[in-house]
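Working notes, structure below.
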Amino acid sequence: MLESTLAAVVGREQVLTDPAVLAGFETDWTGRFRGRARLVVRPADAGEVAGVLRACHDARIPVVPQGGNTGLVGGGVPRDGEVVLSLARLDTLGPVDPVAAQVTVGAGATLAAVHRHVAAAGLEFGVDLAARDSATIGGMVSTNAGGLRVPRWGSMRAQVAGLAAVLADGRVISRLAGLPKDSTGYDLTGTLVGSEGTLAVVTAVRLRLVPATRRWTTATIAVADIVAAQRVLTAARVEVPGLTSAEVFYDDGLRLVCEHRGIAPPFPTAYPVYLLLDCAGDADPLISVLAGSAEVLDSAIAVDEPARRALWAHREGHTEAVNALGVPLKLDVGVPAAAVAAFERELRSLVAPARLVLFGHLAEGNFHANVIGAEDPEELTGAVLRAVAAHGGTISAEHGVGTAKARWLPLVRSPVELSLMAETKRAWDPGGLLNPGVLLQR
Ligand code: 2HG
Ligand code: ZN
């Protein structure tokens with residue numbers, strides 16, 4: 001019955017029920033999260049999304065929105081017989097507005113497609129991340145994704161000038177004018193950023209753009225430990241006005257990536273910690289940081305694209321290389337800069353004797369703890385997240401809460417905040433049909 005109503009909305013071929021086809025939508029990329037979908041529906045535009053949601057609302061069937069399925073916290077895969085609403089076909093790229101420096105794109109547009117699209121206008125989109133070829137703008141809005149360029153341009157939240165979304169009952173809100181100033185009350189766009197598909201389904205996004213960077217300099221810097229890495233970063237914050245990325249990884253992770261990809265490490269010698277700095281402009285400011293720092297054990301600088309890509313591969317290859325080891329437990333956490341060194345020590349002792357592959361975004365104190373072979377993943381998750389909270393950090397810096405961390409949210413959100421969040425959920429989605437069990441526990 002629901003199937004035929006949906007077929008009338010989107011066309012029969014866009015309602016998928018074949019178990020072999022559903023399988024790709026039912027499991028996340030890491031293989032950790034999986035569930036059963038009632039069916040997958042692939043609308044072509046916002047009108048069809050509204051029709052799909054109305055039909056599911058009338059039938060009281062819960063819906064899981066899904067973009068590029070690159071999420072890492074189980075927020076985009078079904079749990080128990082929901083309809084999976086794929087936004088992949090909403091991939092339109094509107095004309096770049098060069099005066100406003102903005103563009104409107106469909107929720108299903110991939111990040112890489114947006115990058116390519118705006119480059120022609122001499123502009124750039126300020127967010128970048130390793131999953132760029134598959135991650136979609138809608139999913140990135142829903143998780144408030146961060147990525148590799150936060151030191152310069154901030155997270156997704158900072159780039160969203162407006163959006164359009166469909167409510168659980170099929171009603172539509174459209175705030176795509178991108179007005180730089182608007183003083184008319186509650187920020188509905190801001191409420192939807194980071195709401196993980198629990199309040200409404202984002203169908204289009206008005207993105208802010210920044211001037212394209214014409215020259216880049218990338219450096220991989222070998223240091224003795226995380227404190228030394230922070231000292232180099234501190235100098236770069238002062239000396240390097242175009243500082244865009246400050247990424248950290250360790251020697252065991254580097255070896256793993258090099259083996260997995262069949263590439264060479266940046267130095268013939270192994271060092272404990274590597275800091276990758278990427279900045280807009282010529283090499284001079286970075287070279288002066290390196291020359292003035294006693295912490296630098298070795299460094300490699302690149303300005304041309306192939307050489308820069310080679311340095312970035314050591315950092316970007318981590319996710320893939322870790323996954324090749326088995327299904328990892330992934331903990332995306334952030335702590336204040338002052339707590340970074342103490343937290344790193346604590347984390348290592350909590351995870352041992354399981355294997356920890358650690359890397360992340362140093363400037364944000366954002367660690368990606370990837371654990372292989374944890375005896376009791378749930379218990380370890382609790383221990384690590386409690387440590388994060390004790391240091392005044394966040395249990396999710398950029399991947400979202402999903403189903404993976406919903407039960408741990410009280411560690412970082414007060415009872416007052418949680419009750420406001422629950423009330424907000426009830427106001428937007430009284431039937432509790434949108435992504436149940438994600439972010440807020442059922
Ligand atoms: C990254 O920074 C992503 O590369 C993925 O956030 C992190 O795989 C991970 O744990
Ligand atoms: Zn990351």
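Chain labels follow the order of the structure tokens: the first chain is A, the next B, and so on; residue numbering restarts at 1 in every chain, and ligands are counted from 1 in their shown order.
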Open item on the list: Could you list, as a PyMOL selection string, every residue within 7 Å of range 77-90 of chain A, counting only C-alpha atoms and ignoring same-chain residues fewer than 2 positions away?
Closed with: chain A and resi 25-28+34-45+61-68+74-75+92+106-109
Write out, as a short mmCIF file (atom, residue, chain, number, x, y, z; two decimals), in the first residue's frame, the residues just selected, with C-alpha atoms.
```
data_model
loop_
_atom_site.label_atom_id
_atom_site.label_comp_id
_atom_site.auth_asym_id
_atom_site.auth_seq_id
_atom_site.Cartn_x
_atom_site.Cartn_y
_atom_site.Cartn_z
CA PHE A 25 21.63 1.39 1.85
CA GLU A 26 21.30 -0.72 4.98
CA THR A 27 24.94 -0.74 6.07
CA ASP A 28 27.25 2.14 6.78
CA ARG A 34 23.41 -2.06 9.88
CA GLY A 35 19.67 -2.51 10.00
CA ARG A 36 16.71 -3.43 7.86
CA ALA A 37 14.97 -1.03 5.49
CA ARG A 38 11.32 -1.45 4.57
CA LEU A 39 12.22 0.06 1.20
CA VAL A 40 14.35 2.81 -0.31
CA VAL A 41 12.71 5.72 -2.07
CA ARG A 42 14.63 8.07 -4.36
CA PRO A 43 12.72 11.31 -5.04
CA ALA A 44 13.97 13.66 -7.75
CA ASP A 45 13.14 17.02 -6.18
CA ILE A 61 6.02 4.86 8.98
CA PRO A 62 9.34 6.24 10.25
CA VAL A 63 11.86 7.62 7.78
CA VAL A 64 15.66 7.63 7.72
CA PRO A 65 17.10 10.32 5.41
CA GLN A 66 20.32 9.26 3.67
CA GLY A 67 22.84 11.24 1.61
CA GLY A 68 26.15 9.78 0.46
CA GLY A 74 24.91 5.21 12.36
CA GLY A 75 22.73 8.26 11.72
CA THR A 92 21.26 20.30 -8.74
CA GLY A 106 20.56 20.38 -3.85
CA ALA A 107 21.00 18.33 -0.68
CA GLY A 108 22.29 15.40 -2.73
CA ALA A 109 25.10 17.33 -4.44
#
```
TODO: Give me the residues within 9 Å of Leu385 in chain A as a list in words, counting only C-alpha atoms and dropping any in the same chain fewer than 3 places off.
DONE: Leu331, Val333, Leu380, Thr381, Gly382, Val388, Ala389, Ala390, Gly393, Thr394, Ile395, Trp408 and Leu411 of chain A
With a distance cut-off of 7 Å and only C-alpha atoms, select the neighbouring residues of range 3-9 of chain A, excluding the residue or stretch itself and same-chain residues fewer than 5 positions from it, and output the selection as an mmCIF file with N, CA and C atoms, in the first residue's frame.
```cif
data_model
loop_
_atom_site.group_PDB
_atom_site.id
_atom_site.type_symbol
_atom_site.label_atom_id
_atom_site.label_comp_id
_atom_site.auth_asym_id
_atom_site.auth_seq_id
_atom_site.Cartn_x
_atom_site.Cartn_y
_atom_site.Cartn_z
ATOM 1 N N VAL A 15 11.338 3.332 -6.363
ATOM 2 C CA VAL A 15 11.023 2.679 -5.083
ATOM 3 C C VAL A 15 11.719 1.323 -5.104
ATOM 4 N N GLU A 48 8.759 16.058 -4.653
ATOM 5 C CA GLU A 48 8.615 14.611 -4.441
ATOM 6 C C GLU A 48 8.988 14.217 -3.010
ATOM 7 N N GLY A 51 5.981 14.816 -1.048
ATOM 8 C CA GLY A 51 4.986 13.763 -1.300
ATOM 9 C C GLY A 51 5.335 12.482 -0.550
ATOM 10 N N VAL A 52 6.624 12.132 -0.546
ATOM 11 C CA VAL A 52 7.077 10.920 0.157
ATOM 12 C C VAL A 52 6.817 11.064 1.652
ATOM 13 N N ALA A 55 3.167 10.837 2.570
ATOM 14 C CA ALA A 55 2.677 9.443 2.509
ATOM 15 C C ALA A 55 3.146 8.653 3.735
#
```
Task: Using only C-alpha atoms and all ligand atoms: which of A:Val248, A:Val289, A:Val296, A:Ala101 has the shortest distance to ligand 1 - done: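 Closest candidate: A:Val248.
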TODO: Rank A:Gly71, A:Gly185, A:Pro95, A:Pro151 by their smallest atom-to-atom distance to ligand 1, using only C-alpha atoms and all ligand atoms, and report the top residue only.
DONE: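 Of A:Gly71, A:Gly185, A:Pro95, A:Pro151, the one nearest ligand 1 is A:Gly71, counting only C-alpha atoms and all ligand atoms.
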